[in-house]
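See structure below.
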Amino acid sequence: MESNRYNGCVVSKQGIDFDLKALKPIIEVSVCVGIFHFCYRSVREEAQKTTMAAAIHETSSSAKRWLPLEANPDVMNQFLWGLGLPEDEAECGDVYGLDDELLDMVPKPVLAVLFLYPITEKSEEERRQQEKEAKKDYSNEVYFMKQTVGNACGTIGLLHAIGNITSEIKLSEGSFLDRFFKSTKSMDPIERAAFLEKDNEMEVAHSVAATAGDTAAPENVDTHFICFSCVDGTLYELDGRKTEPISHGPSSPNSLLQDAARVIKDMISDNPDSLNFNVIAISKKTGEGSM
């Protein structure tokens, strides 16, 4: 049989055979190297998760921690409807992509956009830089609150969304959301956070919603929810871990989804290797084209 040997592989006209005796030293080295790389990668990934989880915890001044809310429109709808958002007023729905064709599929009008993204060293550095440059330069009409409870970002995002559209929707009179926004209207962001932290009704509602998803809720996560809202003709990024609302320029109720998508695309491009992104729109129910 005509053949050539190369590192234990026998190459012939019939194909490739393996000389295991010749390959043994190579296999042993390859296995060791493979195990090393696997272990190193696992340790590195766990270290990064621990670092990011610690960073998230550092921005939560309270020792209280909730289970994270799943990025699931059905769960969020039941959560909001149970707290006083009438089912015929608005609902959450998935945004399946950021291209114009997919954005056109989202029911209109869009009232707010929620974005789930991974916390990274780069995003943490940007947050710290924004804190240094904070100018308190935003409209007084923006409803904004800090996050002091760990893993509460999903609920904070929803409160930011609803809190900035109370003039466009009608909450059930006397419901939790109705009472919450009336009680916190004149408070500053820190006072609103403290008010929420002490509210047992919301804590119970959040816990029920967090365990109602399709997957088991982990105690530690390295992803984070933020909200995009249009207030007084400006697109604001509302993140309870940041010092203040972040302005992203002019916007309108009609262009809110597209404007938010533009910012979200930039945020995704900063972390192109991750798949931990999710976009959810809160749309006004009009009776036509609702989800």
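Chain lettering (A, B, ...) mirrors the order of the structure tokens, residue numbering begins at 1 for each chain separately, and ligand numbering begins at 1 in order of display.
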Helix (DSSP H, G or I) residues, from DSSP on the backbone, in stretch 218-281 of chain A, as a PyMOL selection string | chain A and resi 256-269
Please produce a file of the residues just selected, as a PDB file, in the first residue's frame, where the atoms kept are N, CA and C atoms.
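Resulting contents of out17.pdb:
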```
ATOM      1  N   LEU A 256     -39.755  56.684  18.599  1.00  0.00           N
ATOM      2  CA  LEU A 256     -39.128  56.141  19.808  1.00  0.00           C
ATOM      3  C   LEU A 256     -38.463  54.794  19.559  1.00  0.00           C
ATOM      4  N   LEU A 257     -39.171  53.868  18.921  1.00  0.00           N
ATOM      5  CA  LEU A 257     -38.625  52.528  18.708  1.00  0.00           C
ATOM      6  C   LEU A 257     -37.371  52.571  17.846  1.00  0.00           C
ATOM      7  N   GLN A 258     -37.422  53.312  16.744  1.00  0.00           N
ATOM      8  CA  GLN A 258     -36.259  53.408  15.858  1.00  0.00           C
ATOM      9  C   GLN A 258     -35.090  54.109  16.551  1.00  0.00           C
ATOM     10  N   ASP A 259     -35.386  55.145  17.324  1.00  0.00           N
ATOM     11  CA  ASP A 259     -34.322  55.875  18.020  1.00  0.00           C
ATOM     12  C   ASP A 259     -33.665  55.002  19.087  1.00  0.00           C
ATOM     13  N   ALA A 260     -34.486  54.248  19.809  1.00  0.00           N
ATOM     14  CA  ALA A 260     -33.938  53.341  20.821  1.00  0.00           C
ATOM     15  C   ALA A 260     -33.118  52.239  20.156  1.00  0.00           C
ATOM     16  N   ALA A 261     -33.597  51.743  19.013  1.00  0.00           N
ATOM     17  CA  ALA A 261     -32.880  50.689  18.292  1.00  0.00           C
ATOM     18  C   ALA A 261     -31.496  51.161  17.874  1.00  0.00           C
ATOM     19  N   ARG A 262     -31.392  52.419  17.489  1.00  0.00           N
ATOM     20  CA  ARG A 262     -30.086  52.973  17.094  1.00  0.00           C
ATOM     21  C   ARG A 262     -29.096  52.916  18.253  1.00  0.00           C
ATOM     22  N   VAL A 263     -29.549  53.308  19.436  1.00  0.00           N
ATOM     23  CA  VAL A 263     -28.677  53.286  20.618  1.00  0.00           C
ATOM     24  C   VAL A 263     -28.346  51.847  21.000  1.00  0.00           C
ATOM     25  N   ILE A 264     -29.339  50.982  20.929  1.00  0.00           N
ATOM     26  CA  ILE A 264     -29.142  49.580  21.292  1.00  0.00           C
ATOM     27  C   ILE A 264     -28.135  48.912  20.363  1.00  0.00           C
ATOM     28  N   LYS A 265     -28.202  49.222  19.071  1.00  0.00           N
ATOM     29  CA  LYS A 265     -27.233  48.668  18.120  1.00  0.00           C
ATOM     30  C   LYS A 265     -25.811  49.030  18.524  1.00  0.00           C
ATOM     31  N   ASP A 266     -25.607  50.273  18.940  1.00  0.00           N
ATOM     32  CA  ASP A 266     -24.275  50.704  19.371  1.00  0.00           C
ATOM     33  C   ASP A 266     -23.827  49.936  20.609  1.00  0.00           C
ATOM     34  N   MET A 267     -24.755  49.695  21.525  1.00  0.00           N
ATOM     35  CA  MET A 267     -24.411  48.968  22.744  1.00  0.00           C
ATOM     36  C   MET A 267     -24.073  47.512  22.430  1.00  0.00           C
ATOM     37  N   ILE A 268     -24.790  46.920  21.494  1.00  0.00           N
ATOM     38  CA  ILE A 268     -24.506  45.541  21.105  1.00  0.00           C
ATOM     39  C   ILE A 268     -23.156  45.444  20.410  1.00  0.00           C
ATOM     40  N   SER A 269     -22.824  46.442  19.596  1.00  0.00           N
ATOM     41  CA  SER A 269     -21.548  46.422  18.876  1.00  0.00           C
ATOM     42  C   SER A 269     -20.357  46.482  19.821  1.00  0.00           C
TER      43      SER A 269
END
```
Go ahead and compute the interatomic distance for atom CA of A:Pro73 and atom CA of A:Cys92, in Å to one decimal.
->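 Distance reported for this atom pair: 5.1 Å.
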Proximity of stretch 161-269 of chain A to stretch 113-122 of chain A: per-residue shortest pair, 6 Å limit, only C-alpha atoms, as a Markdown table:
```
| residue | atom | partner | partner_atom | distance |
| --- | --- | --- | --- | --- |
| A:Asp222 | CA | A:Ile119 | CA | 5.5 |
| A:Thr223 | CA | A:Pro118 | CA | 4.1 |
| A:His224 | CA | A:Leu116 | CA | 5.4 |
| A:Phe225 | CA | A:Leu116 | CA | 4.5 |
| A:Ile226 | CA | A:Phe115 | CA | 5.4 |
| A:Cys227 | CA | A:Leu114 | CA | 4.5 |
| A:Phe228 | CA | A:Val113 | CA | 5.1 |
```
Output of the above residues as an mmCIF file, in the first residue's frame, restricted to N, CA and C atoms:
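As written to disk, out24.cif reads:
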```cif
data_model
loop_
_atom_site.group_PDB
_atom_site.id
_atom_site.type_symbol
_atom_site.label_atom_id
_atom_site.label_comp_id
_atom_site.auth_asym_id
_atom_site.auth_seq_id
_atom_site.Cartn_x
_atom_site.Cartn_y
_atom_site.Cartn_z
ATOM 1 N N ASP A 222 -25.412 38.361 35.501
ATOM 2 C CA ASP A 222 -24.506 39.402 35.023
ATOM 3 C C ASP A 222 -25.125 40.127 33.835
ATOM 4 N N THR A 223 -26.465 40.190 33.823
ATOM 5 C CA THR A 223 -27.181 40.966 32.812
ATOM 6 C C THR A 223 -28.031 42.019 33.514
ATOM 7 N N HIS A 224 -28.477 43.002 32.738
ATOM 8 C CA HIS A 224 -29.133 44.154 33.358
ATOM 9 C C HIS A 224 -30.191 44.736 32.429
ATOM 10 N N PHE A 225 -31.332 45.136 33.005
ATOM 11 C CA PHE A 225 -32.413 45.789 32.271
ATOM 12 C C PHE A 225 -32.291 47.309 32.362
ATOM 13 N N ILE A 226 -32.532 47.974 31.235
ATOM 14 C CA ILE A 226 -32.702 49.424 31.233
ATOM 15 C C ILE A 226 -33.932 49.750 30.393
ATOM 16 N N CYS A 227 -34.374 50.987 30.485
ATOM 17 C CA CYS A 227 -35.571 51.412 29.761
ATOM 18 C C CYS A 227 -35.251 52.627 28.904
ATOM 19 N N PHE A 228 -35.856 52.698 27.729
ATOM 20 C CA PHE A 228 -35.772 53.882 26.877
ATOM 21 C C PHE A 228 -37.162 54.498 26.779
#
```
Expressed in Å, the length from atom CA of A:Ala71 to atom CA of A:Ala112 is 14.8 Å
Excluding A:Ala194 and residues on its chain fewer than 3 positions from it, collect all residues at most 10 Å away from it, counting only C-alpha atoms, and give them as a PDB file with N, CA and C atoms, in the first residue's frame.
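Final file, around_7.pdb:
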```pdb
ATOM      1  N   SER A  62     -28.575  48.554  49.281  1.00  0.00           N
ATOM      2  CA  SER A  62     -29.284  47.721  50.249  1.00  0.00           C
ATOM      3  C   SER A  62     -28.742  46.301  50.220  1.00  0.00           C
ATOM      4  N   MET A 145     -35.762  56.727  39.001  1.00  0.00           N
ATOM      5  CA  MET A 145     -35.483  56.255  40.353  1.00  0.00           C
ATOM      6  C   MET A 145     -34.213  55.413  40.361  1.00  0.00           C
ATOM      7  N   LYS A 146     -33.553  55.416  41.484  1.00  0.00           N
ATOM      8  CA  LYS A 146     -32.343  54.622  41.647  1.00  0.00           C
ATOM      9  C   LYS A 146     -32.711  53.183  41.992  1.00  0.00           C
ATOM     10  N   GLN A 147     -31.772  52.281  41.741  1.00  0.00           N
ATOM     11  CA  GLN A 147     -31.945  50.880  42.120  1.00  0.00           C
ATOM     12  C   GLN A 147     -31.089  50.594  43.341  1.00  0.00           C
ATOM     13  N   THR A 148     -31.718  50.265  44.449  1.00  0.00           N
ATOM     14  CA  THR A 148     -30.988  49.942  45.675  1.00  0.00           C
ATOM     15  C   THR A 148     -31.170  48.489  46.091  1.00  0.00           C
ATOM     16  N   VAL A 149     -32.012  47.755  45.386  1.00  0.00           N
ATOM     17  CA  VAL A 149     -32.247  46.342  45.680  1.00  0.00           C
ATOM     18  C   VAL A 149     -31.588  45.500  44.596  1.00  0.00           C
ATOM     19  N   PRO A 189     -34.978  60.652  43.119  1.00  0.00           N
ATOM     20  CA  PRO A 189     -34.689  59.258  42.753  1.00  0.00           C
ATOM     21  C   PRO A 189     -34.318  58.356  43.927  1.00  0.00           C
ATOM     22  N   ILE A 190     -33.571  58.877  44.893  1.00  0.00           N
ATOM     23  CA  ILE A 190     -33.177  58.074  46.052  1.00  0.00           C
ATOM     24  C   ILE A 190     -34.377  57.785  46.947  1.00  0.00           C
ATOM     25  N   GLU A 191     -35.220  58.779  47.143  1.00  0.00           N
ATOM     26  CA  GLU A 191     -36.408  58.588  47.979  1.00  0.00           C
ATOM     27  C   GLU A 191     -37.360  57.573  47.353  1.00  0.00           C
ATOM     28  N   GLU A 197     -38.123  49.920  48.196  1.00  0.00           N
ATOM     29  CA  GLU A 197     -37.416  48.913  48.984  1.00  0.00           C
ATOM     30  C   GLU A 197     -38.230  48.455  50.196  1.00  0.00           C
ATOM     31  N   LYS A 198     -39.014  49.362  50.749  1.00  0.00           N
ATOM     32  CA  LYS A 198     -39.795  49.048  51.951  1.00  0.00           C
ATOM     33  C   LYS A 198     -41.191  48.514  51.628  1.00  0.00           C
ATOM     34  N   ASP A 199     -41.523  48.440  50.342  1.00  0.00           N
ATOM     35  CA  ASP A 199     -42.873  48.037  49.951  1.00  0.00           C
ATOM     36  C   ASP A 199     -42.974  46.519  49.833  1.00  0.00           C
TER      37      ASP A 199
END
```
Shell of 8 Å around stretch 179-188 of chain A, only C-alpha atoms, local chain residues under 3 positions omitted, as number ranges by chain = A: 143, 145, 163, 174-176, 191-192, 195
Mind pulling up the distance from atom CA of A:Met105 to atom CA of A:His160?
->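 Calculated distance between atom CA of A:His160 and atom CA of A:Met105 is 24.0 Å.
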Given the choices A:Val75, A:Ser252, A:Thr286, A:Thr155, which gets closest to A:Ala90 if the distance is worked out from only C-alpha atoms?
->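 Among A:Val75, A:Ser252, A:Thr286, A:Thr155, it is A:Thr286 that comes nearest to A:Ala90.
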